[in-house]
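Asker: So here's target.cif, just mmCIF, N, CA and C atoms:
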```
data_my_file
loop_
_atom_site.label_atom_id
_atom_site.label_comp_id
_atom_site.auth_asym_id
_atom_site.auth_seq_id
_atom_site.Cartn_x
_atom_site.Cartn_y
_atom_site.Cartn_z
N MET B 524 -14.56 -45.91 6.82
CA MET B 524 -15.13 -44.65 7.27
C MET B 524 -14.90 -43.59 6.19
N ILE B 525 -15.95 -42.90 5.84
CA ILE B 525 -15.86 -41.84 4.84
C ILE B 525 -15.79 -40.50 5.57
N VAL B 526 -14.79 -39.71 5.19
CA VAL B 526 -14.62 -38.39 5.81
C VAL B 526 -14.94 -37.33 4.76
N ASP B 527 -15.75 -36.38 5.14
CA ASP B 527 -16.08 -35.26 4.27
C ASP B 527 -14.82 -34.43 4.03
N PRO B 528 -14.41 -34.21 2.76
CA PRO B 528 -13.17 -33.46 2.48
C PRO B 528 -13.15 -32.06 3.10
N ARG B 529 -14.28 -31.37 3.08
CA ARG B 529 -14.32 -30.03 3.67
C ARG B 529 -14.05 -30.09 5.17
N ALA B 530 -14.68 -31.04 5.83
CA ALA B 530 -14.47 -31.20 7.27
C ALA B 530 -13.02 -31.57 7.56
N ALA B 531 -12.44 -32.43 6.72
CA ALA B 531 -11.04 -32.83 6.92
C ALA B 531 -10.10 -31.64 6.79
N ARG B 532 -10.34 -30.77 5.82
CA ARG B 532 -9.48 -29.59 5.64
C ARG B 532 -9.58 -28.65 6.84
N SER B 533 -10.79 -28.43 7.31
CA SER B 533 -10.97 -27.56 8.49
C SER B 533 -10.35 -28.17 9.74
N MET B 534 -10.50 -29.49 9.89
CA MET B 534 -9.89 -30.16 11.04
C MET B 534 -8.37 -30.05 10.99
N ALA B 535 -7.80 -30.18 9.80
CA ALA B 535 -6.34 -30.04 9.66
C ALA B 535 -5.91 -28.63 10.02
N GLY B 536 -6.66 -27.63 9.60
CA GLY B 536 -6.35 -26.25 9.96
C GLY B 536 -6.43 -26.02 11.46
N GLU B 537 -7.47 -26.51 12.08
CA GLU B 537 -7.62 -26.37 13.53
C GLU B 537 -6.50 -27.09 14.27
N ALA B 538 -6.12 -28.27 13.79
CA ALA B 538 -5.01 -29.02 14.41
C ALA B 538 -3.71 -28.23 14.29
N ALA B 539 -3.48 -27.63 13.13
CA ALA B 539 -2.26 -26.83 12.95
C ALA B 539 -2.23 -25.66 13.91
N LEU B 540 -3.37 -25.02 14.12
CA LEU B 540 -3.43 -23.90 15.08
C LEU B 540 -3.07 -24.35 16.49
N ARG B 541 -3.55 -25.53 16.87
CA ARG B 541 -3.31 -26.02 18.23
C ARG B 541 -1.93 -26.63 18.42
N LEU B 542 -1.43 -27.32 17.39
CA LEU B 542 -0.26 -28.15 17.59
C LEU B 542 1.03 -27.67 16.93
N ALA B 543 0.94 -26.92 15.88
CA ALA B 543 2.15 -26.52 15.14
C ALA B 543 2.67 -25.18 15.66
N PRO B 544 3.89 -25.14 16.14
CA PRO B 544 4.44 -23.89 16.65
C PRO B 544 4.47 -22.82 15.56
N GLY B 545 4.02 -21.62 15.91
CA GLY B 545 4.11 -20.49 15.00
C GLY B 545 2.95 -20.31 14.05
N VAL B 546 2.01 -21.27 13.97
CA VAL B 546 0.88 -21.11 13.07
C VAL B 546 -0.12 -20.14 13.69
N ALA B 547 -0.50 -19.12 12.91
CA ALA B 547 -1.39 -18.08 13.40
C ALA B 547 -2.80 -18.16 12.82
N ALA B 548 -2.94 -18.74 11.62
CA ALA B 548 -4.25 -18.79 10.96
C ALA B 548 -4.21 -19.79 9.82
N TYR B 549 -5.41 -20.15 9.33
CA TYR B 549 -5.49 -21.03 8.17
C TYR B 549 -6.62 -20.61 7.25
N TYR B 550 -6.53 -21.08 6.01
CA TYR B 550 -7.55 -20.86 4.99
C TYR B 550 -7.63 -22.13 4.17
N THR B 551 -8.84 -22.59 3.88
CA THR B 551 -8.99 -23.84 3.13
C THR B 551 -9.46 -23.60 1.70
N ALA B 552 -9.35 -24.65 0.90
CA ALA B 552 -9.82 -24.59 -0.48
C ALA B 552 -11.32 -24.37 -0.55
N ASP B 553 -12.01 -24.60 0.55
CA ASP B 553 -13.46 -24.38 0.62
C ASP B 553 -13.80 -22.95 1.05
N ARG B 554 -12.77 -22.13 1.23
CA ARG B 554 -12.90 -20.73 1.67
C ARG B 554 -13.26 -20.61 3.14
N ASP B 555 -13.00 -21.66 3.91
CA ASP B 555 -13.17 -21.57 5.37
C ASP B 555 -11.90 -20.93 5.92
N CYS B 556 -12.06 -20.03 6.85
CA CYS B 556 -10.90 -19.29 7.37
C CYS B 556 -11.02 -19.13 8.88
N SER B 557 -9.89 -19.20 9.55
CA SER B 557 -9.88 -19.05 11.00
C SER B 557 -9.89 -17.58 11.41
N ARG B 558 -9.77 -16.68 10.46
CA ARG B 558 -9.77 -15.24 10.73
C ARG B 558 -10.79 -14.55 9.84
N SER B 559 -11.07 -13.30 10.14
CA SER B 559 -11.98 -12.51 9.31
C SER B 559 -11.30 -11.18 8.99
N GLY B 560 -12.02 -10.30 8.37
CA GLY B 560 -11.50 -8.96 8.09
C GLY B 560 -10.36 -8.96 7.10
N GLU B 561 -9.31 -8.19 7.41
CA GLU B 561 -8.18 -8.02 6.52
C GLU B 561 -7.45 -9.35 6.27
N TRP B 562 -7.34 -10.18 7.28
CA TRP B 562 -6.69 -11.49 7.10
C TRP B 562 -7.44 -12.31 6.06
N LEU B 563 -8.76 -12.36 6.17
CA LEU B 563 -9.56 -13.12 5.22
C LEU B 563 -9.36 -12.57 3.82
N ARG B 564 -9.37 -11.27 3.65
CA ARG B 564 -9.19 -10.65 2.33
C ARG B 564 -7.82 -11.02 1.75
N ARG B 565 -6.80 -10.98 2.57
CA ARG B 565 -5.45 -11.31 2.09
C ARG B 565 -5.33 -12.79 1.74
N PHE B 566 -5.94 -13.66 2.54
CA PHE B 566 -5.96 -15.08 2.20
C PHE B 566 -6.65 -15.28 0.85
N GLN B 567 -7.82 -14.66 0.68
CA GLN B 567 -8.57 -14.82 -0.56
C GLN B 567 -7.76 -14.33 -1.76
N ASN B 568 -7.05 -13.22 -1.61
CA ASN B 568 -6.25 -12.69 -2.71
C ASN B 568 -5.01 -13.54 -2.99
N SER B 569 -4.55 -14.30 -2.00
CA SER B 569 -3.35 -15.12 -2.17
C SER B 569 -3.66 -16.53 -2.66
N PHE B 570 -4.90 -16.95 -2.53
CA PHE B 570 -5.27 -18.33 -2.84
C PHE B 570 -5.48 -18.52 -4.34
N HIS B 571 -4.91 -19.59 -4.88
CA HIS B 571 -5.12 -19.98 -6.28
C HIS B 571 -5.63 -21.41 -6.27
N ALA B 572 -6.82 -21.63 -6.81
CA ALA B 572 -7.49 -22.92 -6.71
C ALA B 572 -6.65 -24.10 -7.22
N VAL B 573 -5.84 -23.89 -8.24
CA VAL B 573 -5.05 -24.97 -8.80
C VAL B 573 -3.73 -25.17 -8.05
N ARG B 574 -3.10 -24.08 -7.63
CA ARG B 574 -1.74 -24.18 -7.07
C ARG B 574 -1.67 -24.14 -5.55
N SER B 575 -2.70 -23.71 -4.87
CA SER B 575 -2.59 -23.48 -3.43
C SER B 575 -2.83 -24.71 -2.57
N GLY B 576 -3.37 -25.76 -3.12
CA GLY B 576 -3.60 -26.95 -2.31
C GLY B 576 -4.87 -26.86 -1.49
N ASP B 577 -5.00 -27.73 -0.51
CA ASP B 577 -6.21 -27.83 0.29
C ASP B 577 -6.22 -26.90 1.50
N LEU B 578 -5.04 -26.55 1.98
CA LEU B 578 -4.94 -25.78 3.22
C LEU B 578 -3.77 -24.83 3.15
N MET B 579 -4.02 -23.58 3.44
CA MET B 579 -2.96 -22.58 3.46
C MET B 579 -2.80 -22.12 4.91
N LEU B 580 -1.55 -22.09 5.37
CA LEU B 580 -1.27 -21.66 6.74
C LEU B 580 -0.56 -20.32 6.74
N ALA B 581 -0.86 -19.51 7.74
CA ALA B 581 -0.14 -18.26 7.96
C ALA B 581 0.54 -18.37 9.32
N TYR B 582 1.73 -17.84 9.40
CA TYR B 582 2.53 -17.97 10.61
C TYR B 582 2.57 -16.69 11.41
N GLU B 583 3.00 -16.81 12.66
CA GLU B 583 3.18 -15.64 13.52
C GLU B 583 4.19 -14.69 12.87
N PRO B 584 4.23 -13.42 13.29
CA PRO B 584 5.19 -12.48 12.69
C PRO B 584 6.62 -12.99 12.77
N ASN B 585 7.35 -12.82 11.69
CA ASN B 585 8.77 -13.18 11.57
C ASN B 585 9.05 -14.67 11.68
N ALA B 586 8.04 -15.51 11.58
CA ALA B 586 8.23 -16.96 11.61
C ALA B 586 8.19 -17.51 10.19
N VAL B 587 8.96 -18.56 9.96
CA VAL B 587 8.96 -19.24 8.66
C VAL B 587 8.90 -20.74 8.89
N GLU B 588 8.57 -21.48 7.84
CA GLU B 588 8.54 -22.93 7.95
C GLU B 588 9.96 -23.46 8.07
N GLU B 589 10.12 -24.49 8.88
CA GLU B 589 11.42 -25.14 8.99
C GLU B 589 11.62 -26.02 7.77
N TYR B 590 12.79 -25.93 7.17
CA TYR B 590 13.03 -26.65 5.93
C TYR B 590 14.42 -27.25 5.94
N GLY B 591 14.59 -28.34 6.60
CA GLY B 591 15.84 -29.10 6.61
C GLY B 591 17.06 -28.35 7.09
N ALA B 592 17.92 -29.05 7.78
CA ALA B 592 19.21 -28.55 8.26
C ALA B 592 19.12 -27.18 8.91
N GLY B 593 18.04 -26.93 9.63
CA GLY B 593 17.91 -25.67 10.37
C GLY B 593 17.58 -24.46 9.51
N ARG B 594 17.32 -24.67 8.24
CA ARG B 594 17.00 -23.55 7.36
C ARG B 594 15.50 -23.35 7.31
N GLY B 595 15.08 -22.10 7.17
CA GLY B 595 13.67 -21.79 7.03
C GLY B 595 13.36 -21.37 5.61
N ILE B 596 12.11 -21.45 5.25
CA ILE B 596 11.69 -21.03 3.92
C ILE B 596 10.38 -20.26 4.05
N SER B 597 10.24 -19.21 3.27
CA SER B 597 9.03 -18.42 3.31
C SER B 597 8.78 -17.81 1.94
N TYR B 598 7.55 -17.80 1.54
CA TYR B 598 7.17 -17.17 0.28
C TYR B 598 6.31 -15.95 0.55
N GLY B 599 6.59 -15.26 1.62
CA GLY B 599 5.79 -14.10 1.99
C GLY B 599 4.82 -14.46 3.09
N SER B 600 4.16 -13.47 3.59
CA SER B 600 3.20 -13.67 4.67
C SER B 600 2.05 -12.70 4.49
N LEU B 601 1.14 -12.72 5.42
CA LEU B 601 0.00 -11.81 5.37
C LEU B 601 0.26 -10.54 6.17
N TYR B 602 1.46 -10.38 6.69
CA TYR B 602 1.78 -9.20 7.50
C TYR B 602 2.24 -8.05 6.60
N ASN B 603 1.99 -6.84 7.07
CA ASN B 603 2.33 -5.66 6.27
C ASN B 603 3.80 -5.60 5.88
N TYR B 604 4.70 -6.08 6.73
CA TYR B 604 6.12 -6.00 6.38
C TYR B 604 6.45 -6.85 5.16
N ASP B 605 5.60 -7.81 4.82
CA ASP B 605 5.81 -8.63 3.63
C ASP B 605 4.97 -8.20 2.44
N VAL B 606 3.90 -7.47 2.66
CA VAL B 606 3.01 -7.13 1.55
C VAL B 606 3.14 -5.68 1.10
N GLN B 607 3.77 -4.83 1.87
CA GLN B 607 3.93 -3.44 1.47
C GLN B 607 5.24 -3.27 0.71
N THR B 608 5.14 -2.82 -0.50
CA THR B 608 6.31 -2.56 -1.32
C THR B 608 6.13 -1.23 -2.03
N PRO B 609 7.22 -0.55 -2.32
CA PRO B 609 7.08 0.73 -3.02
C PRO B 609 6.66 0.52 -4.47
N LEU B 610 5.93 1.45 -4.98
CA LEU B 610 5.50 1.45 -6.38
C LEU B 610 5.96 2.77 -6.98
N LEU B 611 6.77 2.69 -8.01
CA LEU B 611 7.32 3.89 -8.64
C LEU B 611 6.85 4.00 -10.08
N PHE B 612 6.42 5.19 -10.46
CA PHE B 612 6.12 5.50 -11.85
C PHE B 612 7.10 6.55 -12.30
N TYR B 613 7.63 6.40 -13.51
CA TYR B 613 8.62 7.34 -14.01
C TYR B 613 8.25 7.78 -15.42
N GLY B 614 8.33 9.07 -15.66
CA GLY B 614 8.06 9.61 -16.98
C GLY B 614 7.44 10.98 -16.87
N SER B 615 7.42 11.69 -17.98
CA SER B 615 6.93 13.07 -17.97
C SER B 615 5.45 13.16 -17.64
N GLN B 616 4.70 12.09 -17.87
CA GLN B 616 3.27 12.12 -17.57
C GLN B 616 2.96 11.97 -16.08
N PHE B 617 3.98 11.66 -15.29
CA PHE B 617 3.75 11.45 -13.87
C PHE B 617 4.22 12.63 -13.04
N HIS B 618 3.56 12.82 -11.93
CA HIS B 618 3.80 13.90 -10.99
C HIS B 618 4.81 13.41 -9.94
N ALA B 619 5.84 14.19 -9.64
CA ALA B 619 6.80 13.82 -8.60
C ALA B 619 6.14 14.01 -7.24
N ARG B 620 5.80 12.93 -6.59
CA ARG B 620 5.14 13.01 -5.29
C ARG B 620 5.15 11.66 -4.60
N THR B 621 4.84 11.68 -3.33
CA THR B 621 4.70 10.45 -2.55
C THR B 621 3.23 10.28 -2.21
N VAL B 622 2.70 9.12 -2.49
CA VAL B 622 1.31 8.80 -2.16
C VAL B 622 1.35 7.81 -1.00
N GLU B 623 0.77 8.18 0.10
CA GLU B 623 0.84 7.33 1.30
C GLU B 623 -0.28 6.31 1.41
N ARG B 624 -1.32 6.46 0.62
CA ARG B 624 -2.46 5.53 0.75
C ARG B 624 -2.14 4.20 0.07
N PRO B 625 -2.75 3.13 0.53
CA PRO B 625 -2.50 1.83 -0.10
C PRO B 625 -3.08 1.78 -1.51
N VAL B 626 -2.39 1.09 -2.39
CA VAL B 626 -2.90 0.78 -3.72
C VAL B 626 -2.75 -0.73 -3.91
N GLU B 627 -3.45 -1.26 -4.88
CA GLU B 627 -3.43 -2.69 -5.14
C GLU B 627 -2.66 -2.98 -6.43
N PRO B 628 -2.05 -4.15 -6.53
CA PRO B 628 -1.38 -4.51 -7.79
C PRO B 628 -2.30 -4.43 -9.01
N ILE B 629 -3.60 -4.67 -8.81
CA ILE B 629 -4.54 -4.61 -9.93
C ILE B 629 -4.72 -3.20 -10.47
N ASP B 630 -4.22 -2.19 -9.75
CA ASP B 630 -4.32 -0.80 -10.20
C ASP B 630 -3.21 -0.43 -11.19
N ILE B 631 -2.19 -1.24 -11.29
CA ILE B 631 -1.04 -0.90 -12.14
C ILE B 631 -1.41 -0.90 -13.62
N ALA B 632 -2.05 -1.95 -14.10
CA ALA B 632 -2.37 -2.05 -15.54
C ALA B 632 -3.24 -0.90 -16.03
N PRO B 633 -4.36 -0.57 -15.36
CA PRO B 633 -5.16 0.54 -15.88
C PRO B 633 -4.43 1.89 -15.78
N THR B 634 -3.56 2.04 -14.79
CA THR B 634 -2.80 3.29 -14.66
C THR B 634 -1.79 3.41 -15.80
N LEU B 635 -1.07 2.34 -16.08
CA LEU B 635 -0.11 2.38 -17.19
C LEU B 635 -0.82 2.53 -18.53
N ALA B 636 -1.99 1.92 -18.68
CA ALA B 636 -2.74 2.07 -19.92
C ALA B 636 -3.11 3.54 -20.14
N ARG B 637 -3.55 4.20 -19.08
CA ARG B 637 -3.86 5.63 -19.20
C ARG B 637 -2.61 6.43 -19.54
N ALA B 638 -1.49 6.08 -18.94
CA ALA B 638 -0.24 6.81 -19.17
C ALA B 638 0.18 6.75 -20.63
N ILE B 639 -0.06 5.62 -21.29
CA ILE B 639 0.34 5.51 -22.70
C ILE B 639 -0.85 5.72 -23.64
N ARG B 640 -1.97 6.14 -23.05
CA ARG B 640 -3.17 6.52 -23.81
C ARG B 640 -3.74 5.38 -24.66
N VAL B 641 -3.87 4.22 -24.02
CA VAL B 641 -4.55 3.09 -24.65
C VAL B 641 -5.64 2.61 -23.70
N ALA B 642 -6.54 1.81 -24.21
CA ALA B 642 -7.61 1.26 -23.36
C ALA B 642 -7.02 0.30 -22.33
N ALA B 643 -7.60 0.30 -21.16
CA ALA B 643 -7.18 -0.65 -20.13
C ALA B 643 -7.50 -2.06 -20.61
N PRO B 644 -6.75 -3.06 -20.16
CA PRO B 644 -7.06 -4.44 -20.55
C PRO B 644 -8.52 -4.77 -20.24
N SER B 645 -9.14 -5.54 -21.12
CA SER B 645 -10.58 -5.82 -20.96
C SER B 645 -10.90 -6.56 -19.66
N SER B 646 -9.95 -7.32 -19.14
CA SER B 646 -10.20 -8.05 -17.90
C SER B 646 -9.75 -7.28 -16.66
N SER B 647 -9.30 -6.07 -16.85
CA SER B 647 -8.79 -5.27 -15.73
C SER B 647 -9.91 -4.89 -14.78
N THR B 648 -9.66 -5.06 -13.49
CA THR B 648 -10.64 -4.67 -12.47
C THR B 648 -10.12 -3.57 -11.56
N GLY B 649 -8.89 -3.13 -11.77
CA GLY B 649 -8.30 -2.09 -10.92
C GLY B 649 -8.77 -0.71 -11.31
N ARG B 650 -8.34 0.26 -10.52
CA ARG B 650 -8.71 1.65 -10.78
C ARG B 650 -7.47 2.41 -11.26
N VAL B 651 -7.69 3.46 -12.02
CA VAL B 651 -6.60 4.33 -12.45
C VAL B 651 -6.18 5.17 -11.25
N LEU B 652 -4.90 5.22 -10.98
CA LEU B 652 -4.38 6.03 -9.88
C LEU B 652 -4.16 7.45 -10.40
N GLY B 653 -5.26 8.17 -10.52
CA GLY B 653 -5.26 9.49 -11.14
C GLY B 653 -4.36 10.51 -10.48
N ASP B 654 -4.16 10.39 -9.17
CA ASP B 654 -3.35 11.40 -8.47
C ASP B 654 -1.86 11.28 -8.72
N VAL B 655 -1.41 10.27 -9.48
CA VAL B 655 0.01 10.17 -9.80
C VAL B 655 0.36 10.91 -11.09
N PHE B 656 -0.66 11.34 -11.81
CA PHE B 656 -0.41 12.00 -13.10
C PHE B 656 -0.14 13.48 -12.93
N ALA B 657 0.80 13.98 -13.72
CA ALA B 657 1.08 15.41 -13.74
C ALA B 657 -0.04 16.09 -14.55
N PRO B 658 -0.37 17.34 -14.23
CA PRO B 658 -1.38 18.04 -15.01
C PRO B 658 -0.89 18.18 -16.46
N ASP B 659 -1.80 18.02 -17.43
CA ASP B 659 -1.41 18.21 -18.81
C ASP B 659 -1.36 19.71 -19.11
N LYS B 660 -1.13 20.07 -20.34
CA LYS B 660 -0.96 21.49 -20.69
C LYS B 660 -2.20 22.32 -20.42
N LYS B 661 -3.36 21.69 -20.33
CA LYS B 661 -4.60 22.41 -20.05
C LYS B 661 -4.86 22.50 -18.54
N GLY B 662 -3.95 21.95 -17.77
CA GLY B 662 -4.10 21.99 -16.31
C GLY B 662 -4.96 20.85 -15.77
N GLU B 663 -5.31 19.88 -16.63
CA GLU B 663 -6.12 18.75 -16.20
C GLU B 663 -5.23 17.54 -15.98
N LYS B 664 -5.68 16.66 -15.11
CA LYS B 664 -4.95 15.41 -14.88
C LYS B 664 -5.46 14.36 -15.82
#
```
What is this file in structure tokens?
Answerer:
Amino acid sequence: MIVDPRAARSMAGEAALRLAPGVAAYYTADRDCSRSGEWLRRFQNSFHAVRSGDLMLAYEPNAVEEYGAGRGISYGSLYNYDVQTPLLFYGSQFHARTVERPVEPIDIAPTLARAIRVAAPSSSTGRVLGDVFAPDKKGEK
């Protein structure tokens, strides 16, 4: 019997949702996902075609995989408590302030490039976080 690999990955994800305690969602190498919206975006941003394997599972809040002798293991999750981290810029070119809006890791390189007055990396897709800069002597950011 020949099984379609895409169907097998989705079936494994569905089985994990039904049978594995604590599993909340799945994402496959074929980009099939049991969730949409923000979960789908986070799965897509976390998936690496070479290293992620065929099926990625996400667990309920505060749950981790069981890993021998009663120990759990986790490499992060899709929940805000695992993905929100502070980002600090230090130097005279930066403005002392707190920015409450979300930023992406891809925004760091173009922001630092602007801070040291060089071109952003050619493969950079992030945006410059202009509101973190102190006004220059002309009053411009």
Asker: Please list as a ChimeraX atom specification every residue within 5 Å of range 604-618 of chain B, counting only N, CA and C atoms and excluding residues in the same chain fewer than 4 positions away.
Answerer: /B:655-657
Asker: Could you list, as a list of chain:residue names, every residue within 10 Å of Leu580 in chain B, counting only C-alpha atoms and ignoring same-chain residues fewer than 4 positions away?
Answerer: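 What passes the distance filter is B:Gly536, B:Ala539, B:Leu540, B:Gly545, B:Val546, B:Ala547, B:Ala548, B:Tyr549, B:Tyr550, B:Thr551, B:Cys556, B:Ser557, B:Phe566, B:Glu588, B:Ser600.
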Asker: Quick one: apply the PyMOL selection byres ((chain B and resi 651) around 8) to the file and drop the selected residues here as a PDB file with N, CA and C atoms, keeping the file's coordinate frame.
Answerer:
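Result went into part_36.pdb, see below:
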```pdb
ATOM      1  N   ILE B 629      -3.600  -4.670  -8.810  1.00  0.00           N
ATOM      2  CA  ILE B 629      -4.540  -4.610  -9.930  1.00  0.00           C
ATOM      3  C   ILE B 629      -4.720  -3.200 -10.470  1.00  0.00           C
ATOM      4  N   ASP B 630      -4.220  -2.190  -9.750  1.00  0.00           N
ATOM      5  CA  ASP B 630      -4.320  -0.800 -10.200  1.00  0.00           C
ATOM      6  C   ASP B 630      -3.210  -0.430 -11.190  1.00  0.00           C
ATOM      7  N   ILE B 631      -2.190  -1.240 -11.290  1.00  0.00           N
ATOM      8  CA  ILE B 631      -1.040  -0.900 -12.140  1.00  0.00           C
ATOM      9  C   ILE B 631      -1.410  -0.900 -13.620  1.00  0.00           C
ATOM     10  N   ALA B 632      -2.050  -1.950 -14.100  1.00  0.00           N
ATOM     11  CA  ALA B 632      -2.370  -2.050 -15.540  1.00  0.00           C
ATOM     12  C   ALA B 632      -3.240  -0.900 -16.030  1.00  0.00           C
ATOM     13  N   PRO B 633      -4.360  -0.570 -15.360  1.00  0.00           N
ATOM     14  CA  PRO B 633      -5.160   0.540 -15.880  1.00  0.00           C
ATOM     15  C   PRO B 633      -4.430   1.890 -15.780  1.00  0.00           C
ATOM     16  N   THR B 634      -3.560   2.040 -14.790  1.00  0.00           N
ATOM     17  CA  THR B 634      -2.800   3.290 -14.660  1.00  0.00           C
ATOM     18  C   THR B 634      -1.790   3.410 -15.800  1.00  0.00           C
ATOM     19  N   LEU B 635      -1.070   2.340 -16.080  1.00  0.00           N
ATOM     20  CA  LEU B 635      -0.110   2.380 -17.190  1.00  0.00           C
ATOM     21  C   LEU B 635      -0.820   2.530 -18.530  1.00  0.00           C
ATOM     22  N   ARG B 637      -3.550   4.200 -19.080  1.00  0.00           N
ATOM     23  CA  ARG B 637      -3.860   5.630 -19.200  1.00  0.00           C
ATOM     24  C   ARG B 637      -2.610   6.430 -19.540  1.00  0.00           C
ATOM     25  N   THR B 648      -9.660  -5.060 -13.490  1.00  0.00           N
ATOM     26  CA  THR B 648     -10.640  -4.670 -12.470  1.00  0.00           C
ATOM     27  C   THR B 648     -10.120  -3.570 -11.560  1.00  0.00           C
ATOM     28  N   GLY B 649      -8.890  -3.130 -11.770  1.00  0.00           N
ATOM     29  CA  GLY B 649      -8.300  -2.090 -10.920  1.00  0.00           C
ATOM     30  C   GLY B 649      -8.770  -0.710 -11.310  1.00  0.00           C
ATOM     31  N   ARG B 650      -8.340   0.260 -10.520  1.00  0.00           N
ATOM     32  CA  ARG B 650      -8.710   1.650 -10.780  1.00  0.00           C
ATOM     33  C   ARG B 650      -7.470   2.410 -11.260  1.00  0.00           C
ATOM     34  N   LEU B 652      -4.900   5.220 -10.980  1.00  0.00           N
ATOM     35  CA  LEU B 652      -4.380   6.030  -9.880  1.00  0.00           C
ATOM     36  C   LEU B 652      -4.160   7.450 -10.400  1.00  0.00           C
ATOM     37  N   GLY B 653      -5.260   8.170 -10.520  1.00  0.00           N
ATOM     38  CA  GLY B 653      -5.260   9.490 -11.140  1.00  0.00           C
ATOM     39  C   GLY B 653      -4.360  10.510 -10.480  1.00  0.00           C
ATOM     40  N   ASP B 654      -4.160  10.390  -9.170  1.00  0.00           N
ATOM     41  CA  ASP B 654      -3.350  11.400  -8.470  1.00  0.00           C
ATOM     42  C   ASP B 654      -1.860  11.280  -8.720  1.00  0.00           C
ATOM     43  N   VAL B 655      -1.410  10.270  -9.480  1.00  0.00           N
ATOM     44  CA  VAL B 655       0.010  10.170  -9.800  1.00  0.00           C
ATOM     45  C   VAL B 655       0.360  10.910 -11.090  1.00  0.00           C
TER      46      VAL B 655
END
```
Asker: Write out as a short mmCIF file (atom, residue, chain, number, x, y, z; two decimals) with N, CA and C atoms, in the frame of the given file the set of residues from chain B that DSSP, computed on the backbone, places in strand (DSSP E or B).
Answerer:
```
data_model
loop_
_atom_site.label_atom_id
_atom_site.label_comp_id
_atom_site.auth_asym_id
_atom_site.auth_seq_id
_atom_site.Cartn_x
_atom_site.Cartn_y
_atom_site.Cartn_z
N VAL B 546 2.01 -21.27 13.97
CA VAL B 546 0.88 -21.11 13.07
C VAL B 546 -0.12 -20.14 13.69
N ALA B 547 -0.50 -19.12 12.91
CA ALA B 547 -1.39 -18.08 13.40
C ALA B 547 -2.80 -18.16 12.82
N ALA B 548 -2.94 -18.74 11.62
CA ALA B 548 -4.25 -18.79 10.96
C ALA B 548 -4.21 -19.79 9.82
N TYR B 549 -5.41 -20.15 9.33
CA TYR B 549 -5.49 -21.03 8.17
C TYR B 549 -6.62 -20.61 7.25
N TYR B 550 -6.53 -21.08 6.01
CA TYR B 550 -7.55 -20.86 4.99
C TYR B 550 -7.63 -22.13 4.17
N THR B 551 -8.84 -22.59 3.88
CA THR B 551 -8.99 -23.84 3.13
C THR B 551 -9.46 -23.60 1.70
N CYS B 556 -12.06 -20.03 6.85
CA CYS B 556 -10.90 -19.29 7.37
C CYS B 556 -11.02 -19.13 8.88
N LEU B 578 -5.04 -26.55 1.98
CA LEU B 578 -4.94 -25.78 3.22
C LEU B 578 -3.77 -24.83 3.15
N MET B 579 -4.02 -23.58 3.44
CA MET B 579 -2.96 -22.58 3.46
C MET B 579 -2.80 -22.12 4.91
N LEU B 580 -1.55 -22.09 5.37
CA LEU B 580 -1.27 -21.66 6.74
C LEU B 580 -0.56 -20.32 6.74
N ALA B 581 -0.86 -19.51 7.74
CA ALA B 581 -0.14 -18.26 7.96
C ALA B 581 0.54 -18.37 9.32
N TYR B 582 1.73 -17.84 9.40
CA TYR B 582 2.53 -17.97 10.61
C TYR B 582 2.57 -16.69 11.41
N GLU B 588 8.57 -21.48 7.84
CA GLU B 588 8.54 -22.93 7.95
C GLU B 588 9.96 -23.46 8.07
N GLU B 589 10.12 -24.49 8.88
CA GLU B 589 11.42 -25.14 8.99
C GLU B 589 11.62 -26.02 7.77
N GLY B 595 15.08 -22.10 7.17
CA GLY B 595 13.67 -21.79 7.03
C GLY B 595 13.36 -21.37 5.61
N ILE B 596 12.11 -21.45 5.25
CA ILE B 596 11.69 -21.03 3.92
C ILE B 596 10.38 -20.26 4.05
N PHE B 617 3.98 11.66 -15.29
CA PHE B 617 3.75 11.45 -13.87
C PHE B 617 4.22 12.63 -13.04
N PHE B 656 -0.66 11.34 -11.81
CA PHE B 656 -0.41 12.00 -13.10
C PHE B 656 -0.14 13.48 -12.93
#
```
Asker: Any idea what the distance is between atom N of Gly560 in chain B and atom N of Ala538 in chain B?
Answerer: 19.7 Å
